[in-house]
$ cat entry_9.pdb   # PDB, C-alpha atoms
MODEL        1
ATOM      1  CA  MET O   1     -20.994  42.857  -1.861
ATOM      2  CA  ALA O   2     -22.627  39.502  -2.616
ATOM      3  CA  LEU O   3     -24.985  38.040  -0.045
ATOM      4  CA  GLU O   4     -23.876  34.445  -0.679
ATOM      5  CA  ALA O   5     -20.535  32.747  -1.257
ATOM      6  CA  ASP O   6     -19.818  30.859  -4.475
ATOM      7  CA  ARG O   7     -19.209  27.362  -3.085
ATOM      8  CA  ASP O   8     -17.610  26.060  -6.303
ATOM      9  CA  ALA O   9     -15.116  28.924  -6.591
ATOM     10  CA  GLY O  10     -14.705  29.331  -2.830
ATOM     11  CA  SER O  11     -15.186  33.064  -3.158
ATOM     12  CA  VAL O  12     -17.436  35.983  -2.331
ATOM     13  CA  SER O  13     -17.940  38.795  -4.844
ATOM     14  CA  GLY O  14     -17.132  42.277  -3.626
ATOM     15  CA  ILE O  15     -16.079  45.757  -4.636
ATOM     16  CA  PHE O  16     -13.173  47.372  -2.812
ATOM     17  CA  GLU O  17     -12.238  51.026  -2.918
ATOM     18  CA  ILE O  18      -8.448  51.473  -2.855
ATOM     19  CA  GLN O  19      -6.567  54.775  -2.778
ATOM     20  CA  ASN O  20      -4.124  55.084  -5.717
ATOM     21  CA  PRO O  21      -2.600  58.596  -5.549
ATOM     22  CA  GLU O  22       0.633  57.637  -7.385
ATOM     23  CA  GLY O  23      -1.226  55.798 -10.152
ATOM     24  CA  LEU O  24       0.677  52.543  -9.572
ATOM     25  CA  LEU O  25      -2.447  50.401  -9.889
ATOM     26  CA  GLN O  26      -3.658  50.031 -13.474
ATOM     27  CA  PRO O  27      -6.792  48.424 -14.942
ATOM     28  CA  GLY O  28      -6.336  44.705 -15.631
ATOM     29  CA  MET O  29      -3.620  44.220 -13.007
ATOM     30  CA  ARG O  30      -3.877  41.140 -10.804
ATOM     31  CA  VAL O  31      -3.638  41.742  -7.085
ATOM     32  CA  GLU O  32      -3.583  39.528  -4.010
ATOM     33  CA  PHE O  33      -4.476  40.784  -0.574
ATOM     34  CA  SER O  34      -5.685  39.572   2.792
ATOM     35  CA  LEU O  35      -8.647  40.706   4.801
ATOM     36  CA  VAL O  36      -7.712  41.048   8.446
ATOM     37  CA  THR O  37     -10.780  40.271  10.509
ATOM     38  CA  ALA O  38      -9.160  40.255  13.954
ATOM     39  CA  GLN O  39      -5.881  41.049  15.683
ATOM     40  CA  ARG O  40      -4.425  39.951  19.023
ATOM     41  CA  ASP O  41      -1.407  41.159  20.973
ATOM     42  CA  ASN O  42       1.354  39.040  22.558
ATOM     43  CA  VAL O  43       0.843  35.992  20.338
ATOM     44  CA  LEU O  44       3.832  33.689  19.727
ATOM     45  CA  THR O  45       3.931  32.957  15.982
ATOM     46  CA  ILE O  46       6.280  31.305  13.497
ATOM     47  CA  PRO O  47       6.293  31.148   9.673
ATOM     48  CA  ARG O  48       4.125  28.371   8.230
ATOM     49  CA  SER O  49       7.193  26.962   6.445
ATOM     50  CA  ALA O  50       8.654  25.963   9.825
ATOM     51  CA  VAL O  51       5.834  23.513  10.603
ATOM     52  CA  GLN O  52       6.334  19.852   9.653
ATOM     53  CA  GLY O  53       4.635  16.559  10.475
ATOM     54  CA  SER O  54       1.132  15.236  10.026
ATOM     55  CA  GLN O  55      -2.183  16.925  10.839
ATOM     56  CA  THR O  56      -2.258  15.169  14.205
ATOM     57  CA  GLU O  57       1.445  15.427  15.084
ATOM     58  CA  ARG O  58       2.890  18.829  14.208
ATOM     59  CA  VAL O  59       6.603  19.389  14.873
ATOM     60  CA  ILE O  60       9.182  22.146  14.441
ATOM     61  CA  TYR O  61      12.981  22.107  14.536
ATOM     62  CA  ILE O  62      14.739  24.347  17.050
ATOM     63  CA  LYS O  63      18.448  25.238  17.045
ATOM     64  CA  ASP O  64      20.297  23.515  19.882
ATOM     65  CA  PHE O  65      21.675  25.963  22.462
ATOM     66  CA  GLU O  66      24.931  24.068  23.061
ATOM     67  CA  LEU O  67      25.814  22.143  19.881
ATOM     68  CA  ALA O  68      26.720  23.960  16.678
ATOM     69  CA  ASN O  69      24.632  23.000  13.626
ATOM     70  CA  ALA O  70      22.399  20.734  15.716
ATOM     71  CA  TYR O  71      18.616  20.895  15.838
ATOM     72  CA  ILE O  72      15.987  19.514  18.187
ATOM     73  CA  LYS O  73      12.667  18.131  16.951
ATOM     74  CA  SER O  74       9.944  19.656  19.116
ATOM     75  CA  PRO O  75       6.262  18.670  19.101
ATOM     76  CA  VAL O  76       4.009  21.743  19.096
ATOM     77  CA  THR O  77       0.378  22.624  19.664
ATOM     78  CA  LEU O  78      -0.799  25.170  17.126
ATOM     79  CA  GLY O  79      -3.602  27.709  17.194
ATOM     80  CA  GLU O  80      -4.757  30.164  14.525
ATOM     81  CA  TRP O  81      -3.269  30.171  10.993
ATOM     82  CA  ASN O  82      -3.086  32.852   8.331
ATOM     83  CA  ASP O  83      -1.402  32.980   4.924
ATOM     84  CA  GLU O  84       2.067  33.591   6.439
ATOM     85  CA  SER O  85       2.167  32.655  10.114
ATOM     86  CA  VAL O  86       0.834  30.198  12.639
ATOM     87  CA  GLU O  87       0.225  30.643  16.355
ATOM     88  CA  VAL O  88       2.191  28.343  18.685
ATOM     89  CA  ILE O  89       0.318  27.520  21.891
ATOM     90  CA  SER O  90       2.899  25.124  23.358
ATOM     91  CA  GLY O  91       6.264  23.538  22.481
ATOM     92  CA  LEU O  92       8.158  26.778  21.829
ATOM     93  CA  PHE O  93       9.620  29.430  24.089
ATOM     94  CA  PRO O  94      10.436  33.065  23.304
ATOM     95  CA  GLY O  95      14.066  33.221  22.179
ATOM     96  CA  ASP O  96      14.098  29.764  20.563
ATOM     97  CA  GLU O  97      15.601  29.859  17.058
ATOM     98  CA  VAL O  98      13.257  27.991  14.713
ATOM     99  CA  VAL O  99      14.333  26.490  11.378
ATOM    100  CA  THR O 100      12.185  28.143   8.714
ATOM    101  CA  GLU O 101      14.005  27.080   5.514
ATOM    102  CA  GLY O 102      15.006  23.466   4.913
ATOM    103  CA  SER O 103      13.128  22.143   7.941
ATOM    104  CA  TYR O 104      11.521  19.440   5.779
ATOM    105  CA  SER O 105      14.925  17.936   5.003
ATOM    106  CA  LEU O 106      15.772  17.749   8.729
ATOM    107  CA  SER O 107      12.981  15.215   9.195
ATOM    108  CA  PHE O 108      15.031  12.782   7.062
ATOM    109  CA  ALA O 109      18.350  13.347   8.845
ATOM    110  CA  GLY O 110      19.226  10.693  11.431
ATOM    111  CA  GLY O 111      16.539   8.583  13.056
ATOM    112  CA  GLY O 112      17.239   5.524  10.917
ATOM    113  CA  SER O 113      16.228   7.190   7.652
ATOM    114  CA  GLY O 114      19.602   6.374   6.123
ATOM    115  CA  LEU O 115      20.311  10.030   5.307
ATOM    116  CA  SER O 116      22.892  12.020   7.207
ATOM    117  CA  LEU O 117      22.377  15.690   8.020
ATOM    118  CA  LYS O 118      24.890  16.520   5.248
ATOM    119  CA  GLU O 119      22.979  14.460   2.644
ATOM    120  CA  ALA O 120      19.622  15.921   3.670
ATOM    121  CA  LEU O 121      20.904  19.518   3.503
ATOM    122  CA  ASP O 122      22.748  18.907   0.209
ATOM    123  CA  ALA O 123      19.543  17.562  -1.353
ATOM    124  CA  ALA O 124      17.358  20.361   0.018
ATOM    125  CA  HIS O 125      19.604  23.300  -0.830
ATOM    126  CA  GLY O 126      21.447  22.146  -3.955
ATOM    127  CA  HIS O 127      24.911  22.941  -2.605
ATOM    128  CA  GLU O 128      27.398  21.016  -0.473
ATOM    129  CA  HIS O 129      27.600  20.954   3.319
ATOM    130  CA  ASN O 130      30.035  19.482   5.844
ATOM    131  CA  GLU O 131      29.079  16.524   8.030
ATOM    132  CA  ASP O 132      28.101  18.931  10.849
ATOM    133  CA  GLY O 133      25.649  20.737   8.523
ATOM    134  CA  SER O 134      27.764  23.879   8.005
ATOM    135  CA  LEU O 135      28.157  25.261   4.479
ATOM    136  CA  MET O 136      31.199  23.818   2.685
ATOM    137  CA  THR O 137      33.762  26.451   1.620
ATOM    138  CA  ASP O 138      35.537  26.471  -1.760
ATOM    139  CA  GLU O 139      38.773  25.409  -0.029
ATOM    140  CA  GLN O 140      37.028  22.431   1.610
ATOM    141  CA  LYS O 141      35.506  21.414  -1.746
ATOM    142  CA  ALA O 142      38.940  21.556  -3.418
ATOM    143  CA  ALA O 143      40.510  19.511  -0.604
ATOM    144  CA  GLN O 144      37.716  16.913  -0.797
ATOM    145  CA  SER O 145      38.067  16.682  -4.584
ATOM    146  CA  ALA O 146      41.846  16.234  -4.330
ATOM    147  CA  GLU O 147      41.416  13.612  -1.598
ATOM    148  CA  SER O 148      38.862  11.586  -3.570
ATOM    149  CA  GLY O 149      41.114  11.685  -6.665
ATOM    150  CA  HIS O 150      44.074  10.518  -4.549
ATOM    151  CA  ASP O 151      42.054   7.638  -3.061
ATOM    152  CA  GLU O 152      40.858   6.445  -6.478
ATOM    153  CA  GLY O 153      44.392   6.453  -7.838
ATOM    154  CA  HIS O 154      45.638   4.175  -5.036
ATOM    155  CA  ASP O 155      42.929   1.546  -5.070
ATOM    156  CA  ASP O 156      44.487  -1.758  -4.041
ATOM    157  CA  HIS O 157      41.785  -3.882  -5.659
ATOM    158  CA  GLY O 158      41.924  -2.258  -9.088
ATOM    159  CA  THR O 159      38.148  -1.708  -9.175
ATOM    160  CA  GLY O 160      38.121   2.067  -9.227
ATOM    161  CA  GLY O 161      36.831   2.082  -5.631
ATOM    162  CA  GLY O 162      35.840   5.766  -5.478
ATOM    163  CA  LYS O 163      32.389   7.296  -5.666
ATOM    164  CA  ALA O 164      30.705   7.478  -9.061
ATOM    165  CA  SER O 165      31.197  10.846 -10.741
ATOM    166  CA  PRO O 166      28.095  13.044 -11.027
ATOM    167  CA  LEU O 167      28.410  12.905 -14.827
ATOM    168  CA  LEU O 168      28.431   9.103 -14.851
ATOM    169  CA  LEU O 169      25.571   8.974 -12.366
ATOM    170  CA  GLY O 170      23.540  11.439 -14.467
ATOM    171  CA  TRP O 171      24.182   9.391 -17.604
ATOM    172  CA  ALA O 172      23.101   6.180 -15.856
ATOM    173  CA  ILE O 173      19.875   7.775 -14.618
ATOM    174  CA  THR O 174      19.106   9.222 -18.062
ATOM    175  CA  ALA O 175      19.796   5.880 -19.785
ATOM    176  CA  THR O 176      17.558   4.051 -17.303
ATOM    177  CA  VAL O 177      14.685   6.522 -17.786
ATOM    178  CA  LEU O 178      14.977   6.308 -21.583
ATOM    179  CA  PHE O 179      15.011   2.509 -21.435
ATOM    180  CA  LEU O 180      11.895   2.444 -19.251
ATOM    181  CA  LEU O 181      10.059   4.927 -21.505
ATOM    182  CA  THR O 182      10.938   2.902 -24.616
ATOM    183  CA  ALA O 183       9.838  -0.329 -22.955
ATOM    184  CA  GLN O 184       6.537   1.307 -21.896
ATOM    185  CA  MET O 185       5.881   2.583 -25.434
ATOM    186  CA  LEU O 186       6.573  -0.842 -26.963
ATOM    187  CA  TRP O 187       4.351  -2.540 -24.399
ATOM    188  CA  ASN O 188       1.499  -0.072 -25.098
ATOM    189  CA  LYS O 189       1.932  -0.553 -28.860
ATOM    190  CA  ASN O 190       1.797  -4.341 -28.432
ATOM    191  CA  ARG O 191      -1.399  -4.054 -26.339
ATOM    192  CA  LYS O 192      -3.078  -1.867 -28.985
ATOM    193  CA  GLU O 193      -2.175  -4.307 -31.739
ATOM    194  CA  LYS O 194      -3.625  -7.237 -29.780
ATOM    195  CA  ARG O 195      -6.850  -5.279 -29.151
ATOM    196  CA  SER O 196      -7.230  -4.394 -32.821
ATOM    197  CA  ASP O 197      -6.669  -8.037 -33.846
ATOM    198  CA  ALA O 198      -9.361  -9.237 -31.441
TER     199      ALA O 198
ENDMDL
END
$ encode --input "entry_9.pdb" --output "structure tokens"
Amino acid sequence: MALEADRDAGSVSGIFEIQNPEGLLQPGMRVEFSLVTAQRDNVLTIPRSAVQGSQTERVIYIKDFELANAYIKSPVTLGEWNDESVEVISGLFPGDEVVTEGSYSLSFAGGGSGLSLKEALDAAHGHEHNEDGSLMTDEQKAAQSAESGHDEGHDDHGTGGGKASPLLLGWAITATVLFLLTAQMLWNKNRKEKRSDA
């Protein structure tokens, strides 16, 4: 093993002897592993993905005991970290259900951010949710689609009144991006021509 660490690579050279009785490990294979330098018993830990907030104000989201699909933002004090888990010193009790997937999107729900819980979950997961955060069933999607089509057909003002279709919205975004890219290219071309004339 090397006596000094490579500061640029952030590594230490070493040779490790690994048993391979089944022959699953082959030369040239890439492997990732962790070196466990210490272990402690009775430590309250959560997955790293559950931790949100800044370096100075770490928070987690805990499932509310009484309200369905409701979550409480809880400030926490953290201890040791590893590649998967983090120790929680305070702010969490044994038995609390911690949000480990999609917790980032909860930070945008409510609190004056303009996003509802439904919008935050829809954006984070890529599928539709109800207003209470529960997953929308196929029947609910069909009912919502029929209702929005009914509302658009009975618009008193004759303006179409319903929400923009995803296809129309996608087209508008694509057209805007293409326009901006074209404008940027023309502007850069104009700048180059002025430089070459000077």
$ closest_residue --input "entry_9.pdb" --among "O:Val36, O:Val99, O:Leu44, O:Val86" --to "Asp64 of chain O" --atoms "all atoms listed in the file"
O:Val99
$ atom_distance --input "entry_9.pdb" --atom1 "atom CA of Thr176 of chain O" --atom2 "atom CA of Tyr104 of chain O"
28.4 Å
$ atom_distance --input "entry_9.pdb" --atom1 "atom CA of Glu97 of chain O" --atom2 "atom CA of Phe33 of chain O"
28.9 Å
$ atom_distance --input "entry_9.pdb" --atom1 "atom CA of Ser145 of chain O" --atom2 "atom CA of Gly170 of chain O"
18.3 Å
$ resolve_selection --input "entry_9.pdb" --expression "the PyMOL selection byres ((chain O and resi 77) around 7)" --output "ChimeraX atom specification"
/O:76,78-79,88-91
$ write_last_selection --input "entry_9.pdb" --atoms "C-alpha atoms" --output "JSON list (two decimals), keeping the file's coordinate frame"
[["chain", "number", "residue", "atom", "x", "y", "z"],
["O", 76, "VAL", "CA", 4.01, 21.74, 19.10],
["O", 78, "LEU", "CA", -0.80, 25.17, 17.13],
["O", 79, "GLY", "CA", -3.60, 27.71, 17.19],
["O", 88, "VAL", "CA", 2.19, 28.34, 18.68],
["O", 89, "ILE", "CA", 0.32, 27.52, 21.89],
["O", 90, "SER", "CA", 2.90, 25.12, 23.36],
["O", 91, "GLY", "CA", 6.26, 23.54, 22.48]]
$ resolve_selection --input "entry_9.pdb" --expression "the PyMOL selection byres ((chain O and resi 55) around 12)" --output "short mmCIF file (atom, residue, chain, number, x, y, z; two decimals) with C-alpha atoms, keeping the file's coordinate frame"
data_model
loop_
_atom_site.label_atom_id
_atom_site.label_comp_id
_atom_site.auth_asym_id
_atom_site.auth_seq_id
_atom_site.Cartn_x
_atom_site.Cartn_y
_atom_site.Cartn_z
CA VAL O 51 5.83 23.51 10.60
CA GLN O 52 6.33 19.85 9.65
CA GLY O 53 4.64 16.56 10.48
CA SER O 54 1.13 15.24 10.03
CA THR O 56 -2.26 15.17 14.20
CA GLU O 57 1.44 15.43 15.08
CA ARG O 58 2.89 18.83 14.21
CA VAL O 59 6.60 19.39 14.87
CA PRO O 75 6.26 18.67 19.10
CA VAL O 76 4.01 21.74 19.10
CA THR O 77 0.38 22.62 19.66
CA LEU O 78 -0.80 25.17 17.13
#
$ closest_residue --input "entry_9.pdb" --among "O:Ile60, O:Leu106, O:Ala9, O:Ala68" --to "Leu92 of chain O" --atoms "all atoms listed in the file"
O:Ile60
$ axis_aligned_box --input "entry_9.pdb" --around "segment 169-179 of chain O" --padding-each-side "5 Å" --output "JSON"
{"center_x": 20.1, "center_y": 7.0, "center_z": -17.0, "size_x": 20.9, "size_y": 18.9, "size_z": 19.2}
$ resolve_selection --input "entry_9.pdb" --expression "the PyMOL selection byres ((chain O and resi 100) around 6)" --output "list of chain:residue names"
O:Ser49, O:Ala50, O:Val99, O:Glu101
